[in-house]
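Colleague: Here you go, one structure.
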Amino acid sequence: MDPLLLARWQFGITTVYHFIFVPITLGLSVLVAIMQTFYYKTGNETYKRMTLFWGKLFVILFTLGVVTGIVQEFQFGMNWSGYSRFVGDIFGIPLAIEALTAFFIESTFIGLWLFGWNKLSKGLHLMCIWLVAFASNLSAVWILIANSWMQVPVGYVLRNDRAELADFIAILLNERAMAQIPHTIIAGFVTGGFFVLGLSAWNLLHKHRPEEFRRSFRIALVFTAIASLAAATTGHKQAQDTVKLQPMKLAAMEGLWETESPAGMSLFAIHDRENMTSRRELRIPYVLSILAHNNLTAEVTGMRELQAEFEERHGPGDYIPPVTVVYWSFRAMIGLGTVFILFSIWGMINWWRERIDNNRLYLRIALVMLFMPFIANTSGWIVAEMGRQPWVVYGLLLTEDGVSPIVSATSVWISMISFTIVYGLLAAAGFYLVHRFARPQRPGDPPADESSDDLSGAHAY
């Protein structure tokens, strides 16, 4: 097989694995901090046990996120030396700052939080978990700044066939980053919220420690409802940003081959990429014009016209992304985002009617919904990354020019199989640990002991 295709598959596989753990830690860290804040304000031991329970799961997932993320950086030098040479002067800076600031704060204060229950004052100990939550999300900010430069390169000069830094402030304030950062972080909040909702529902269904999980469920429900609505708002902003900065990606997201004014939103289509057309398509008139430009009759440029523009600007080539993958991934993300909002509203109505704890149907669905944000996150990542193909740096460096020229297909096969096996083992270990610590107590299990949720001396707090 082609080394380029294998290198892309390897990076895609390892990134999807890593991106399972990252979003959940963004939201779960904040939820653990909120629960400990309730304990700090009220002194209620129930909130302390909640903090210990969810804090233990956060530490497991945080550890897996760190381990799976290490491999990402090695791949730049292994399989993508052309890319590393071209962007190293710029791309390495936010990655280095992320390691020296966010990751340093995160790793330091998670240790203080874990081992400081009976050594630090309550206020100082609470500050530690909030710093962990802050640093977790700050880490995502720096990574997204780096990624945004790949999507929309700014603040650079081309010299010696390399992109070199010219304006660091422009990179920090990249318009793409300003749209991408809020949406991605809030998506992490949704993921963490549904994680707590789902596992709380599981325990409530088995009537295990009902007071703790009833409160966890309600905190997560409010958190998720707000985050789901915010995700839709920031997602709309990011889509409009894509119209302006990456019109080809937006056209692929909508399967729009011809320029339309007004433009309709596609609900279903079978794409014929070879003939650049869609068959058996169902579209809603005017909606895409409204979503893209807040205008009922605004024009949206199609892929045929954009292909001609790219050929005129960059020379002959195929500049259209894999339309079917991008189109359906976008619909999976948008569809699940809508489901998240409706499910949260349903939960708030049940709570208002005082039926939230006894509605077993809702609790069962909440348990299933635990897994849905991971699908939505992966779909969003596929849209963002595959939607800019064939560019690895949009408009500057083609993906085929970023691959390492001397790495053979056999070498990539060996590393890809090795990484996949190791990541599979890590995923299995993570699932086992989360299941072990989160599952409801079953008949015949040893009696529950408060110290069983101990995080290095929490009982002495």
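Going by the structure tokens order, chains are called A, B, ..., each with residues numbered from 1, while ligands are numbered from 1 in the order shown.
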Identify all residues of segment 264-332 of chain A in strand (DSSP E) (DSSP on the backbone) and supply them as number ranges by chain.
Modeller: A: 265-272, 277-284
Colleague: What would the file look like if the residues just selected were written as a PDB file, in the first residue's frame with N, CA and C atoms?
Modeller:
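Output saved as part31.pdb:
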ATOM      1  N   MET A 265     -30.433  23.678   2.173  1.00  0.00           N
ATOM      2  CA  MET A 265     -29.677  22.758   3.025  1.00  0.00           C
ATOM      3  C   MET A 265     -30.021  21.322   2.648  1.00  0.00           C
ATOM      4  N   SER A 266     -29.004  20.499   2.466  1.00  0.00           N
ATOM      5  CA  SER A 266     -29.196  19.109   2.066  1.00  0.00           C
ATOM      6  C   SER A 266     -29.476  18.250   3.296  1.00  0.00           C
ATOM      7  N   LEU A 267     -30.548  17.463   3.237  1.00  0.00           N
ATOM      8  CA  LEU A 267     -30.861  16.519   4.305  1.00  0.00           C
ATOM      9  C   LEU A 267     -30.347  15.117   3.992  1.00  0.00           C
ATOM     10  N   PHE A 268     -30.368  14.762   2.725  1.00  0.00           N
ATOM     11  CA  PHE A 268     -29.944  13.429   2.310  1.00  0.00           C
ATOM     12  C   PHE A 268     -29.473  13.509   0.867  1.00  0.00           C
ATOM     13  N   ALA A 269     -28.381  12.794   0.573  1.00  0.00           N
ATOM     14  CA  ALA A 269     -27.897  12.774  -0.812  1.00  0.00           C
ATOM     15  C   ALA A 269     -26.989  11.574  -1.015  1.00  0.00           C
ATOM     16  N   ILE A 270     -26.978  11.055  -2.225  1.00  0.00           N
ATOM     17  CA  ILE A 270     -26.016  10.049  -2.656  1.00  0.00           C
ATOM     18  C   ILE A 270     -25.070  10.756  -3.625  1.00  0.00           C
ATOM     19  N   HIS A 271     -23.790  10.789  -3.288  1.00  0.00           N
ATOM     20  CA  HIS A 271     -22.845  11.613  -4.045  1.00  0.00           C
ATOM     21  C   HIS A 271     -22.134  10.803  -5.127  1.00  0.00           C
ATOM     22  N   ASP A 272     -22.042  11.409  -6.289  1.00  0.00           N
ATOM     23  CA  ASP A 272     -21.293  10.850  -7.414  1.00  0.00           C
ATOM     24  C   ASP A 272     -20.106  11.780  -7.642  1.00  0.00           C
ATOM     25  N   THR A 277     -21.735  15.363  -8.943  1.00  0.00           N
ATOM     26  CA  THR A 277     -23.170  15.599  -8.812  1.00  0.00           C
ATOM     27  C   THR A 277     -23.722  14.738  -7.684  1.00  0.00           C
ATOM     28  N   SER A 278     -24.961  15.001  -7.286  1.00  0.00           N
ATOM     29  CA  SER A 278     -25.629  14.229  -6.241  1.00  0.00           C
ATOM     30  C   SER A 278     -26.912  13.651  -6.795  1.00  0.00           C
ATOM     31  N   ARG A 279     -27.209  12.439  -6.370  1.00  0.00           N
ATOM     32  CA  ARG A 279     -28.418  11.762  -6.818  1.00  0.00           C
ATOM     33  C   ARG A 279     -29.362  11.553  -5.641  1.00  0.00           C
ATOM     34  N   ARG A 280     -30.664  11.535  -5.949  1.00  0.00           N
ATOM     35  CA  ARG A 280     -31.690  11.309  -4.934  1.00  0.00           C
ATOM     36  C   ARG A 280     -31.500  12.221  -3.725  1.00  0.00           C
ATOM     37  N   GLU A 281     -31.344  13.484  -4.029  1.00  0.00           N
ATOM     38  CA  GLU A 281     -31.051  14.450  -2.978  1.00  0.00           C
ATOM     39  C   GLU A 281     -32.332  15.097  -2.464  1.00  0.00           C
ATOM     40  N   LEU A 282     -32.365  15.338  -1.148  1.00  0.00           N
ATOM     41  CA  LEU A 282     -33.472  16.036  -0.515  1.00  0.00           C
ATOM     42  C   LEU A 282     -32.925  17.297   0.130  1.00  0.00           C
ATOM     43  N   ARG A 283     -33.395  18.452  -0.335  1.00  0.00           N
ATOM     44  CA  ARG A 283     -32.895  19.741   0.170  1.00  0.00           C
ATOM     45  C   ARG A 283     -34.057  20.594   0.662  1.00  0.00           C
ATOM     46  N   ILE A 284     -33.771  21.422   1.660  1.00  0.00           N
ATOM     47  CA  ILE A 284     -34.740  22.394   2.165  1.00  0.00           C
ATOM     48  C   ILE A 284     -34.342  23.763   1.619  1.00  0.00           C
TER      49      ILE A 284
END
Colleague: Which residues, written as a count of residues only, have at least one atom at most 12 Å from Ile105 of chain A, with only C-alpha atoms counted and residues fewer than 2 positions away on the same chain left out?
Modeller: 26
Colleague: Let me make sure I understand: among A:Thr234, A:Ser121, A:Thr37, A:Thr68, which one has the smallest atom-to-atom distance to Ala187 of chain A if we use only C-alpha atoms?
Modeller: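 Of all the options, A:Thr234 lies closest to Ala187 of chain A.
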Colleague: Report the residues of segment 172-309 of chain A whose backbone DSSP state falls under alpha helix (DSSP H), written as a PyMOL selection string.
Modeller: chain A and resi 172+175-205+210-245+247-253+287-293+303-309
Colleague: Can you pull out every residue within 10 Å of Phe343 of chain A, counting only C-alpha atoms, but drop anything in the same chain fewer than 6 positions away, and send it as a VMD selection string?
Modeller: chain A and resid 221 224 to 225 228 337 349 362 365 to 366 369
Colleague: Please provide as a list of chain:residue names all residues within 10 Å of segment 239-247 of chain A, with the sequence filter that same-chain residues fewer than 4 positions apart are discarded (counting only C-alpha atoms).
Modeller: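 Here the answer would be A:Gln151, A:Val152, A:Glu175, A:Arg176, A:Met178, A:Ala179, A:Gln180, A:Thr234, A:Gly235, A:Ala251, A:Ala252, A:Met253, A:Leu291, A:Ala292, A:His293, A:Asn294, A:Val300, A:Thr301, A:Gly302, A:Met303, A:Leu306, A:Ala384, A:Gly387, A:Arg388, A:Tyr394, A:Gly395.
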Colleague: Would you mind telling me which residue in A:Ala140, A:Met50, A:Leu64, A:Val392 lies nearest to Phe21 of chain A when using only C-alpha atoms?
Modeller: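 Closest residue, counting only C-alpha atoms: A:Leu64.
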Colleague: With distances taken over only C-alpha atoms, which of A:Ser289, A:Ser200, A:Asn118, A:Thr15 is nearest to Leu256 of chain A?
Modeller: A:Ser289
